[in-house]
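Each remark here refers to the structure printed beneath this line.
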Amino acid sequence: MKSAAEIARDVKSGASSALAETERSLAAIRARNEELNVFLFVDEAGALEAARRVDERVAKGEDPGSLAGVPIALKDNICQNGVPTTAGSRILEGWRPPYDATVVRRIEQAGAIVMGKTNMDEFAMGSSTENSAFGPTRNPLDPTRVPGGSSGGSAAAVAAEMTPISIGSDTGGSIRQPAALCGIVGVKPTYGLVSRFGLIAFASSLDQIGPFAKNVADAATLLEVIAGHDPRDSTSLPEPAPALVAHVGDGVAGQRIGLVRELYDGADADVIAAVRAAAAALVGAGATIEELSVPEFRLGLSAYYLIGPAEASSNLARYDGVRYGLRVGADDVTSMNEATRTAGFGAEVKRRVMLGTYALSAGYYDAYYGQALKVRTLMIDAFARAFEKVDLLLGATTPSVAFPFGAKTSNPIAMYLSDVFTIPTNLAGNAAISVPYGTGEAGLPTGVQLLGPGRSEARLFAAAHVLELSGGAP
Amino acid sequence: MSEALRREDVAKVARLARLTLDEAELDLFTDQLGQVLEHAKDIAALELEGVVATAHPYGLVNVVRDDTLEPSLEREVVLAVAPDVEDGRFAVPRIVGEAP
């Protein structure tokens, strides 16, 4: 498959057309979507229409944008005007949002072709897509295994070469973890770098939209397009999108990189070997490695599984059967609310809504939610101390390679542990990237994670590109 | 503080969250939520007197837009996706009535 950069180049030069690239993507989707359950909705008509518009711009001599004619997949929690959007939930089945998310506007302005909406764990709550109301997505590299989650469909779309790039959202690892399990690049940007307007909210202080791609430069190109201030998101950083693509080739000479014990302890041996090999590759490119311990990272899981559910219990209160989505009729409004939510939400969503309600309830607020918010401060301070010593941190993305279906569904804690290495970045609002590096069990890809402070994306892409060039990719 | 989660606690939380649980779900969720709270004891037990709580990583405050008129969604567009509509408004079942 051509990279996004190659497609945009060919579409601009006339060597290809947006229509041809879109048809190629549609054919790839048709070939495997039934088997893999990647797309919940394929917008064939919308994609072909968008492609014609891009080709018209090229024909008129206008600049069609940095993603001209590039097929892209959207996680199904991102609203696109008039296009079915479910967030993987029965409660939104059949709903068509009446507006576009800011990221949708931006990618369309850049000439990208939205192919459709990808499967996900319901309301982004999960690490395997097994919590989707519409069946799990299969990992394109081994269909007996999960693609990771919650953005499993968007990761699988790229891994299966249906689209060269896609968009997901990352609340506790939901971009980086599926990227690692599918052998692709995934980025969790700095909190506030990408507008959340039009992203269906899970945990608003943690959610962040970000890119998936086959290679680092394509991820940088997509992030550059979607980043930048948006007045419609009050948490949007008040600054323009940073230059990212120009820095992909900057290298790591002179960079100090902290290899953090808490970011690989407990992982499978193959995963740890991949992290060690990545460290050696960075040294080979002129970086220095310092072994670090950041004990506060161990507190991340508990803090996350209180803060996330607490915010979710509030955010998901809007699904009451009144204004949009499912309504299950009843004689009075409270019974209607209850019948609607009971029928519309799956088990994991109910678990988290109840956990959050409990953590926020009188008598428990200080012990759980209040305490978790203080741990968040400890986490931010711990990162800040680490970044006084080093420029970036290095660790594993996930404890293991892609796991088989059903392996963790009966034990929520086991599933939650999939995100143990990714959660600290969300709690601190920092940026991180997962890069495929090495292989593990059954020849499946392992991912390594580079973590930076807020606004360090350019440095992260440069280091990730060094790893990409060093030949460690599976 | 974190004494074991009881079945009646889960029933109460479900009621607050507007969810109906059957007996089997009540047992399952009591067990599973109890495990998560058990795991959370590591932070519930920390001595964090004097640590300031973080609700937002960058602490942006009082973000307001300019006070200028801008178009918003049309009423018909919004009502078109509603489950039930009457006279240009969202229609819902009875809110006020005789006590059950």
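The way I read the labels, and the way they are meant: chains A, B, ... in the order of the structure tokens, residue 1 as the first residue of every chain, and ligand 1 as the first ligand shown, with later ones counted on from there.
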
Pick out the chain A residues within 7 Å of chain B. Count only C-alpha atoms. Give them as a PyMOL selection string. chain A and resi 95+98+205+231+234-235+299+302+322-327+331-333+337-338+341-342+351+353-355+357-358+367-368+371-374+376-377+413+428-429

If we count only C-alpha atoms, what is near Ala330 of chain A at a cut-off of 8 Å, once residues fewer than 4 positions away on the same chain are taken out, given as a list in words?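 Contacts, in chain order: Ser335, Met336 and Ala339 of chain A; Pro93 of chain B.
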
Best match for closeness to Gly395 of chain A among A:Gly172, A:Gly370, A:Gly363, A:Gly266, counting only C-alpha atoms: A:Gly266

Alpha helix (DSSP H) call set, DSSP backbone run, segment 10-81 of chain B, as a compact mmCIF listing (two decimals) with C-alpha atoms, in the first residue's frame:
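So states-v5.txt came out as:
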# COMPACT_ATOMS: atom_id res chain seq x y z
CA VAL B 10 -24.42 -1.58 44.32
CA ALA B 11 -28.22 -1.57 44.23
CA LYS B 12 -28.22 2.01 45.51
CA VAL B 13 -25.58 3.13 43.01
CA ALA B 14 -27.52 1.51 40.17
CA ARG B 15 -30.62 3.42 41.23
CA LEU B 16 -28.65 6.70 41.30
CA GLU B 23 -30.26 -10.48 40.70
CA ALA B 24 -27.47 -12.14 38.72
CA GLU B 25 -26.10 -8.78 37.55
CA LEU B 26 -26.23 -7.48 41.10
CA ASP B 27 -24.04 -10.38 42.25
CA LEU B 28 -21.64 -10.04 39.33
CA PHE B 29 -21.22 -6.29 39.62
CA THR B 30 -20.83 -6.43 43.40
CA ASP B 31 -17.95 -8.85 42.91
CA GLN B 32 -16.32 -6.98 40.01
CA LEU B 33 -16.70 -3.46 41.39
CA GLY B 34 -15.42 -4.76 44.72
CA GLN B 35 -12.27 -5.98 42.98
CA VAL B 36 -11.66 -2.57 41.40
CA LEU B 37 -12.16 -0.81 44.74
CA GLU B 38 -9.85 -3.35 46.38
CA HIS B 39 -7.20 -2.43 43.80
CA LYS B 41 -6.87 0.75 48.15
CA ASP B 42 -3.28 1.53 47.12
CA ILE B 43 -4.23 5.15 46.57
CA ALA B 44 -7.04 5.36 49.13
CA ARG B 75 -34.44 23.69 15.64
CA GLU B 76 -35.79 21.35 12.95
CA VAL B 77 -32.33 19.81 12.46
CA VAL B 78 -32.01 19.05 16.17
CA LEU B 79 -35.57 17.79 16.57

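Proximity to Cys79 of chain A was assessed for A:Leu223, A:Ile91, A:Ile200, A:Val185 counting only C-alpha atoms; the smallest distance is recorded for A:Ile200.
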
Just list as a ChimeraX atom specification whatever in segment 135-320 of chain A DSSP marks as strand (DSSP E). /A:165-169,185-188,209-213,256-260,288-292

Pick out the residues sitting within 7 Å of segment 416-426 of chain A, and hand them over as a short mmCIF file (atom, residue, chain, number, x, y, z; two decimals) with N, CA and C atoms, in the first residue's frame; count only C-alpha atoms, and ignore anything fewer than 4 positions along from it in its own chain.
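Output (selection.cif):
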data_model
loop_
_atom_site.label_atom_id
_atom_site.label_comp_id
_atom_site.auth_asym_id
_atom_site.auth_seq_id
_atom_site.Cartn_x
_atom_site.Cartn_y
_atom_site.Cartn_z
N SER A 127 -10.23 -2.38 26.05
CA SER A 127 -8.87 -2.50 25.52
C SER A 127 -8.79 -3.62 24.48
N THR A 171 -7.85 7.80 25.85
CA THR A 171 -8.22 8.28 27.18
C THR A 171 -7.29 7.68 28.23
N GLY A 172 -6.88 6.41 28.00
CA GLY A 172 -5.92 5.77 28.90
C GLY A 172 -4.92 4.91 28.14
N GLY A 173 -4.97 5.02 26.81
CA GLY A 173 -4.08 4.21 25.98
C GLY A 173 -4.76 3.72 24.72
N LEU A 206 -9.26 13.62 30.20
CA LEU A 206 -8.25 12.66 29.73
C LEU A 206 -8.32 12.41 28.23
N LEU A 263 7.85 1.23 33.39
CA LEU A 263 7.19 1.17 32.09
C LEU A 263 7.52 -0.11 31.32
N PHE A 297 4.32 6.03 38.86
CA PHE A 297 3.60 5.45 37.73
C PHE A 297 2.76 4.25 38.17
N GLY A 300 -0.90 4.88 38.81
CA GLY A 300 -1.73 5.38 37.71
C GLY A 300 -3.01 4.58 37.49
N LEU A 301 -2.88 3.26 37.54
CA LEU A 301 -4.03 2.42 37.21
C LEU A 301 -5.22 2.71 38.12
N TYR A 304 -6.65 6.20 37.52
CA TYR A 304 -7.37 6.25 36.25
C TYR A 304 -8.73 5.58 36.35
N MET A 379 1.55 12.50 39.89
CA MET A 379 1.98 12.00 38.58
C MET A 379 2.60 13.14 37.75
N ALA A 396 7.71 0.13 27.41
CA ALA A 396 6.84 -0.68 26.58
C ALA A 396 5.51 0.05 26.40
N THR A 397 4.77 -0.29 25.36
CA THR A 397 3.41 0.25 25.21
C THR A 397 2.42 -0.64 25.96
N THR A 398 2.58 -1.95 25.80
CA THR A 398 1.65 -2.90 26.42
C THR A 398 2.45 -4.04 27.04
N PRO A 399 1.87 -4.74 28.01
CA PRO A 399 2.60 -5.85 28.64
C PRO A 399 2.79 -7.06 27.74
N PRO A 412 -12.31 -7.89 34.77
CA PRO A 412 -12.06 -6.50 34.40
C PRO A 412 -10.66 -6.01 34.77
N ASN A 430 0.26 14.67 29.08
CA ASN A 430 1.47 14.70 28.24
C ASN A 430 1.23 14.04 26.89
N ALA A 431 2.30 13.98 26.09
CA ALA A 431 2.25 13.35 24.77
C ALA A 431 3.07 12.06 24.79
N ALA A 432 2.69 11.09 23.96
CA ALA A 432 3.44 9.84 23.84
C ALA A 432 3.13 9.20 22.49
#

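If only C-alpha atoms are the atoms counted, then among A:Met125, A:Ala267, A:Ala277, A:Ala157 the closest residue to Val38 of chain A is A:Ala157.
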
For Met162 of chain A, which of A:Glu21, A:Asp265, A:Glu290, A:Glu239 is the closest residue, counting only C-alpha atoms?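 Of the candidates, the smallest distance to Met162 of chain A is held by A:Glu21.
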
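Taking atom CA of Ala343 of chain A as the reference point, atom CA of Glu311 of chain A is found at 21.4 Å.
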
For Ser400 of chain A, find every residue with an atom within 9 Å (counting only C-alpha atoms), except residues of its own chain fewer than 4 positions away, and show them as a ChimeraX atom specification. /A:181,267-271,418,440-441,446

Taking only C-alpha atoms into account, name the residue in A:Ala303, A:Ala347, A:Ala464, A:Ile209 that is nearest to Glu130 of chain A.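 Closest to Glu130 of chain A, using only C-alpha atoms: A:Ala347.
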
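Here atom CA of Asp170 of chain A stands at a distance of 7.2 Å from atom CA of Gly210 of chain A.
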
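If you look at atom CA of Leu48 of chain A and atom CA of Val11 of chain A, they are 14.6 Å away from each other.
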